[in-house]
$ cat my_file28.csv   # CSV, C-alpha atoms
chain,number,residue,atom,x,y,z
P,8,GLY,CA,19.0,24.6,-4.4
P,9,ASN,CA,17.2,23.7,-1.1
P,10,SER,CA,18.0,20.3,0.4
P,11,VAL,CA,18.0,18.4,3.7
P,12,THR,CA,20.5,15.7,4.7
P,13,GLN,CA,19.9,13.3,7.5
P,14,MET,CA,22.1,10.7,9.1
P,15,GLU,CA,21.8,7.3,7.5
P,16,GLY,CA,19.7,4.7,9.2
P,17,PRO,CA,18.7,2.4,10.6
P,18,VAL,CA,19.6,3.5,14.1
P,19,THR,CA,19.3,0.9,16.8
P,20,LEU,CA,19.5,1.8,20.5
P,21,SER,CA,18.7,0.2,23.9
P,22,GLU,CA,16.0,1.7,26.0
P,23,GLU,CA,17.1,4.7,28.1
P,24,ALA,CA,20.0,5.5,25.7
P,25,PHE,CA,20.7,9.0,24.5
P,26,LEU,CA,19.6,9.7,21.0
P,27,THR,CA,21.0,12.1,18.4
P,28,ILE,CA,19.8,12.1,14.8
P,29,ASN,CA,21.8,14.5,12.7
P,30,CYS,CA,20.2,16.9,10.2
P,31,THR,CA,21.9,19.5,8.1
P,32,TYR,CA,20.4,21.7,5.4
P,33,THR,CA,21.1,24.0,2.4
P,34,ALA,CA,18.6,26.7,1.9
P,35,THR,CA,18.1,30.2,0.5
P,36,GLY,CA,17.2,33.0,2.9
P,37,TYR,CA,16.1,32.0,6.4
P,38,PRO,CA,14.3,28.7,6.4
P,39,SER,CA,11.9,27.3,9.0
P,40,LEU,CA,12.9,23.8,10.2
P,41,PHE,CA,10.8,20.9,11.3
P,42,TRP,CA,11.0,17.3,12.6
P,43,TYR,CA,8.2,14.9,11.8
P,44,VAL,CA,7.7,11.4,13.1
P,45,GLN,CA,6.1,8.5,11.2
P,46,TYR,CA,4.9,5.4,13.1
P,47,PRO,CA,4.5,2.2,11.0
P,48,GLY,CA,1.7,2.3,8.5
P,49,GLU,CA,0.7,5.9,9.5
P,50,GLY,CA,1.0,9.4,8.2
P,51,LEU,CA,3.5,12.0,9.5
P,52,GLN,CA,3.0,13.8,12.8
P,53,LEU,CA,4.7,17.1,13.6
P,54,LEU,CA,7.2,16.5,16.4
P,55,LEU,CA,8.7,20.0,16.8
P,56,LYS,CA,9.7,23.0,14.8
P,57,ALA,CA,11.9,26.2,14.9
P,58,THR,CA,11.4,29.3,12.8
P,59,LYS,CA,14.5,31.4,13.5
P,60,ALA,CA,18.1,31.0,14.4
P,61,ASP,CA,18.9,29.8,17.9
P,62,ASP,CA,15.2,28.8,18.5
P,63,LYS,CA,14.9,25.5,20.3
P,64,GLY,CA,11.9,23.3,19.5
P,65,SER,CA,10.8,20.7,22.1
P,66,ASN,CA,8.1,18.1,22.5
P,67,LYS,CA,7.7,14.8,24.3
P,68,GLY,CA,11.3,14.9,25.6
P,69,PHE,CA,12.7,15.6,22.1
P,70,GLU,CA,14.7,18.8,21.4
P,71,ALA,CA,16.3,20.4,18.4
P,72,THR,CA,18.1,23.8,18.1
P,73,TYR,CA,18.2,25.8,14.9
P,74,ARG,CA,21.9,26.5,14.3
P,75,LYS,CA,22.4,28.9,11.5
P,76,GLU,CA,26.2,28.9,11.8
P,77,THR,CA,26.4,25.2,11.2
P,78,THR,CA,23.2,24.9,9.1
P,79,SER,CA,22.0,22.1,11.4
P,80,PHE,CA,18.9,21.0,13.3
P,81,HIS,CA,19.9,17.9,15.1
P,82,LEU,CA,17.2,15.9,17.0
P,83,GLU,CA,18.1,14.8,20.6
P,84,LYS,CA,16.4,12.9,23.4
P,85,GLY,CA,18.0,12.1,26.7
P,86,SER,CA,16.4,8.7,27.4
P,87,VAL,CA,14.6,6.9,24.6
P,88,GLN,CA,11.7,4.4,25.0
P,89,VAL,CA,10.5,1.4,23.0
P,90,SER,CA,7.5,3.6,21.9
P,91,ASP,CA,9.9,6.0,20.2
P,92,SER,CA,10.6,3.4,17.5
P,93,ALA,CA,9.6,5.1,14.2
P,94,VAL,CA,10.9,6.9,11.2
P,95,TYR,CA,12.0,10.5,11.8
P,96,PHE,CA,12.0,13.2,9.0
P,97,CYS,CA,13.8,16.5,9.0
P,98,ALA,CA,12.2,19.1,6.8
P,99,LEU,CA,12.4,22.8,5.9
P,100,TYR,CA,10.5,25.6,4.3
P,101,PRO,CA,12.9,27.8,2.3
P,102,GLY,CA,13.2,31.5,3.1
P,103,SER,CA,10.3,33.8,2.2
P,104,GLY,CA,12.1,35.1,-0.9
P,105,ASP,CA,12.2,31.7,-2.5
P,106,GLN,CA,9.4,30.7,-5.0
P,107,GLY,CA,9.2,27.4,-3.2
P,108,ALA,CA,8.3,29.0,0.1
P,109,GLN,CA,5.1,27.1,0.4
P,110,LYS,CA,6.7,23.7,-0.2
P,111,LEU,CA,8.3,21.6,2.4
P,112,VAL,CA,11.7,20.0,1.5
P,113,PHE,CA,12.2,16.6,3.3
P,114,GLY,CA,15.2,14.6,4.2
P,115,GLN,CA,15.2,10.9,3.4
P,116,GLY,CA,14.2,9.8,6.9
P,117,THR,CA,16.0,7.9,9.6
P,118,ARG,CA,14.5,4.7,10.9
P,119,LEU,CA,14.9,4.3,14.7
P,120,THR,CA,14.5,1.1,16.6
P,121,ILE,CA,14.6,0.9,20.4
P,122,ASN,CA,15.2,-2.4,22.0
P,123,PRO,CA,13.9,-3.2,25.5
B,648,ASP,CA,-12.6,16.1,15.8
B,649,GLY,CA,-10.8,18.1,13.2
B,650,GLY,CA,-8.4,16.4,10.9
B,651,ILE,CA,-7.6,14.9,7.6
B,652,THR,CA,-9.1,11.7,6.3
B,653,GLN,CA,-7.8,9.6,3.4
B,654,SER,CA,-9.6,6.7,1.8
B,655,PRO,CA,-9.3,4.0,1.1
B,656,LYS,CA,-6.5,2.7,3.4
B,657,TYR,CA,-5.5,0.2,0.7
B,658,LEU,CA,-6.2,0.4,-3.0
B,659,PHE,CA,-5.5,-2.1,-5.8
B,660,ARG,CA,-5.0,-1.0,-9.4
B,661,LYS,CA,-5.2,-3.2,-12.4
B,662,GLU,CA,-3.1,-2.5,-15.5
B,663,GLY,CA,-4.4,0.3,-17.6
B,664,GLN,CA,-6.9,1.5,-14.9
B,665,ASN,CA,-7.2,5.0,-13.4
B,666,VAL,CA,-7.8,5.1,-9.7
B,667,THR,CA,-8.7,8.0,-7.4
B,668,LEU,CA,-7.5,8.6,-3.9
B,669,SER,CA,-9.7,10.7,-1.6
B,670,CYS,CA,-8.4,13.4,0.7
B,671,GLU,CA,-10.8,15.4,2.9
B,672,GLN,CA,-10.0,17.9,5.7
B,673,ASN,CA,-12.3,19.8,8.1
B,674,LEU,CA,-9.6,22.1,9.4
B,675,ASN,CA,-10.6,25.0,7.2
B,676,HIS,CA,-7.1,25.0,5.7
B,677,ASP,CA,-6.6,26.8,2.4
B,678,ALA,CA,-3.6,24.8,1.1
B,679,MET,CA,-3.5,21.1,0.4
B,680,TYR,CA,-0.7,18.8,-0.8
B,681,TRP,CA,-0.2,15.3,-2.2
B,682,TYR,CA,3.1,13.4,-1.6
B,683,ARG,CA,4.4,10.0,-2.7
B,684,GLN,CA,6.5,7.9,-0.3
B,685,ASP,CA,8.6,4.9,-1.5
B,686,PRO,CA,10.2,2.5,0.9
B,687,GLY,CA,13.3,3.9,2.6
B,688,GLN,CA,12.9,7.3,0.9
B,689,GLY,CA,11.6,10.7,1.8
B,690,LEU,CA,8.5,12.3,0.6
B,691,ARG,CA,8.2,13.7,-2.9
B,692,LEU,CA,5.6,16.3,-3.8
B,693,ILE,CA,3.1,15.4,-6.6
B,694,TYR,CA,0.7,18.3,-6.6
B,695,TYR,CA,-0.3,21.1,-4.3
B,696,SER,CA,-3.1,23.7,-4.2
B,697,GLN,CA,-3.1,27.0,-2.3
B,698,ILE,CA,-6.7,27.9,-3.1
B,699,VAL,CA,-9.9,26.5,-4.5
B,700,ASN,CA,-9.9,26.0,-8.3
B,701,ASP,CA,-6.1,26.4,-8.5
B,702,PHE,CA,-3.3,23.9,-8.2
B,703,GLN,CA,0.4,23.5,-9.2
B,704,LYS,CA,2.6,20.6,-10.2
B,705,GLY,CA,5.1,19.4,-7.8
B,706,ASP,CA,8.3,17.5,-8.5
B,707,ILE,CA,6.8,14.3,-9.8
B,708,ALA,CA,3.4,15.2,-11.4
B,709,GLU,CA,3.7,13.1,-14.5
B,710,GLY,CA,1.0,10.3,-14.5
B,711,TYR,CA,-1.1,12.1,-11.9
B,712,SER,CA,-4.0,14.5,-11.9
B,713,VAL,CA,-5.9,16.5,-9.3
B,714,SER,CA,-8.9,18.8,-8.8
B,715,ARG,CA,-9.8,21.3,-6.2
B,716,GLU,CA,-13.4,22.1,-6.5
B,717,LYS,CA,-14.1,22.5,-2.8
B,718,LYS,CA,-11.9,23.8,0.0
B,719,GLU,CA,-12.1,20.6,2.0
B,720,SER,CA,-11.4,18.1,-0.8
B,721,PHE,CA,-8.4,17.4,-2.9
B,722,PRO,CA,-8.7,14.1,-4.8
B,723,LEU,CA,-5.7,12.6,-6.6
B,724,THR,CA,-6.1,10.4,-9.7
B,725,VAL,CA,-3.4,8.0,-10.6
B,726,THR,CA,-3.7,7.5,-14.3
B,727,SER,CA,-2.6,4.6,-16.5
B,728,ALA,CA,0.3,6.8,-17.6
B,729,GLN,CA,1.9,6.3,-14.2
B,730,LYS,CA,4.0,3.2,-14.9
B,731,ASN,CA,5.2,2.6,-11.3
B,732,PRO,CA,2.3,3.6,-9.1
B,733,THR,CA,3.0,1.2,-6.1
B,734,ALA,CA,3.7,3.5,-3.2
B,735,PHE,CA,2.3,5.1,0.0
B,736,TYR,CA,0.4,8.3,-0.8
B,737,LEU,CA,0.1,11.0,1.8
B,738,CYS,CA,-2.2,14.1,1.8
B,739,ALA,CA,-1.5,17.2,3.9
B,740,SER,CA,-3.0,20.6,4.5
B,741,LYS,CA,-2.1,23.8,6.2
B,742,GLU,CA,-3.3,27.3,6.8
B,743,GLN,CA,-2.5,30.0,4.3
B,744,GLY,CA,0.7,31.9,5.1
B,745,LEU,CA,4.4,31.3,5.1
B,746,PHE,CA,5.9,28.6,7.3
B,747,GLU,CA,2.6,27.3,8.7
B,748,THR,CA,2.7,23.6,9.8
B,749,GLN,CA,1.6,21.0,7.4
B,750,TYR,CA,-0.7,18.3,8.9
B,751,PHE,CA,-0.9,14.9,7.4
B,752,GLY,CA,-3.6,12.3,6.8
B,753,PRO,CA,-3.1,8.6,7.6
B,754,GLY,CA,-2.2,7.7,4.0
B,755,THR,CA,-3.3,5.3,1.3
B,756,ARG,CA,-1.2,2.4,0.1
B,757,LEU,CA,-1.6,1.7,-3.6
B,758,LEU,CA,-0.7,-1.7,-5.0
B,759,VAL,CA,-0.8,-3.0,-8.5
B,760,LEU,CA,-2.4,-6.3,-9.3
$ encode --input "my_file28.csv" --output "structure tokens"
Amino acid sequence: GNSVTQMEGPVTLSEEAFLTINCTYTATGYPSLFWYVQYPGEGLQLLLKATKADDKGSNKGFEATYRKETTSFHLEKGSVQVSDSAVYFCALYPGSGDQGAQKLVFGQGTRLTINP
Amino acid sequence: DGGITQSPKYLFRKEGQNVTLSCEQNLNHDAMYWYRQDPGQGLRLIYYSQIVNDFQKGDIAEGYSVSREKKESFPLTVTSAQKNPTAFYLCASKEQGLFETQYFGPGTRLLVL
């Protein structure tokens, strides 16, 4: 089946530290991959996405590269800020041949806290 | 401003009561979704609709019902059959077509009295 596994949280870093949140997936066909961010008490916002192998998604200093050979889509940021504190979700759409092609599959989320 | 609105922000349910959560979008999206989020967990799909007057069960549809009479509206009813309804409920929508981005509303927190 289709699944997404994220690194366990919570993750606590100091301001200006380097961030990596690991995400690996299992999927049929060629999935599209997403990172969403959720601030406290709010809905999810799209952070970045990649639709084919070797694509790099980027936004607000965050980056993630679609690695088909390692089935991974790790989120990185070179220098985090206090305002980056949130919960981050990795998600995928299965490949087009899958009946669930219209349904996103989410990881469990990783809570990130940045201390000043 | 285009977007997705959910109301109310907080909702309280008494035992044995049905409650309805509202979701409206003015993005002209064809597909709409309802998710449930429990603390420390990912999102689980309750129901989704790809077109007006049609909807499908997601992974945890028991105890919930929906309707899709208008393109812009996709209300979710939490029935008395849902024994553990306390959660954060999120509505989303997207354009028709494979791999289109889903956009989320601000959510409704449902609490049981």
$ interface_residues --input "my_file28.csv" --of "chain P" --to "chain B" --cutoff "12 Å" --atoms "only C-alpha atoms" --output "PyMOL selection string"
chain P and resi 10-13+15-17+37-59+94-118
$ closest_residue --input "my_file28.csv" --among "P:Ser21, P:Ser65, P:Thr78, P:Thr33" --to "P:Ile121" --atoms "only C-alpha atoms"
P:Ser21
$ closest_residue --input "my_file28.csv" --among "B:Leu758, B:Asn675, B:Gly649, B:Leu658" --to "B:Lys717" --atoms "all atoms listed in the file"
B:Asn675
$ atom_distance --input "my_file28.csv" --atom1 "atom CA of B:Ser740" --atom2 "atom CA of P:Asn9"
21.2 Å
$ residues_around --input "my_file28.csv" --residues "B:Thr733" --least-positions-apart "4" --cutoff "12 Å" --atoms "all atoms listed in the file" --output "PyMOL selection string"
chain B and resi 657-662+683-686+725+729+755-760
$ closest_residue --input "my_file28.csv" --among "B:Phe721, B:Glu671, B:Tyr682, B:Pro655" --to "B:Asp701" --atoms "all atoms listed in the file"
B:Phe721
$ closest_residue --input "my_file28.csv" --among "P:Thr120, P:Asn29, P:Ser92, P:Thr35" --to "P:Ser79" --atoms "only C-alpha atoms"
P:Asn29
$ closest_residue --input "my_file28.csv" --among "P:Pro123, P:Lys67, P:Thr19, P:Ala60" --to "P:Gly36" --atoms "only C-alpha atoms"
P:Ala60
$ residues_near_point --input "my_file28.csv" --point "(-8.9, 23.9, 3.5)" --cutoff "8 Å" --atoms "only C-alpha atoms" --output "PyMOL selection string"
chain B and resi 672-679+718-720+740-742
$ atom_distance --input "my_file28.csv" --atom1 "atom CA of P:Tyr32" --atom2 "atom CA of P:Asp61"
15.0 Å
$ atom_distance --input "my_file28.csv" --atom1 "atom CA of B:Tyr711" --atom2 "atom CA of B:Thr652"
19.9 Å
$ residues_around --input "my_file28.csv" --residues "P:Ala71" --least-positions-apart "6" --cutoff "6 Å" --atoms "all atoms listed in the file" --output "ChimeraX atom specification"
/P:63-64,80-82
$ closest_residue --input "my_file28.csv" --among "B:Gly663, B:Pro722, B:Pro732, B:Gly650" --to "B:Gly710" --atoms "all atoms listed in the file"
B:Pro732
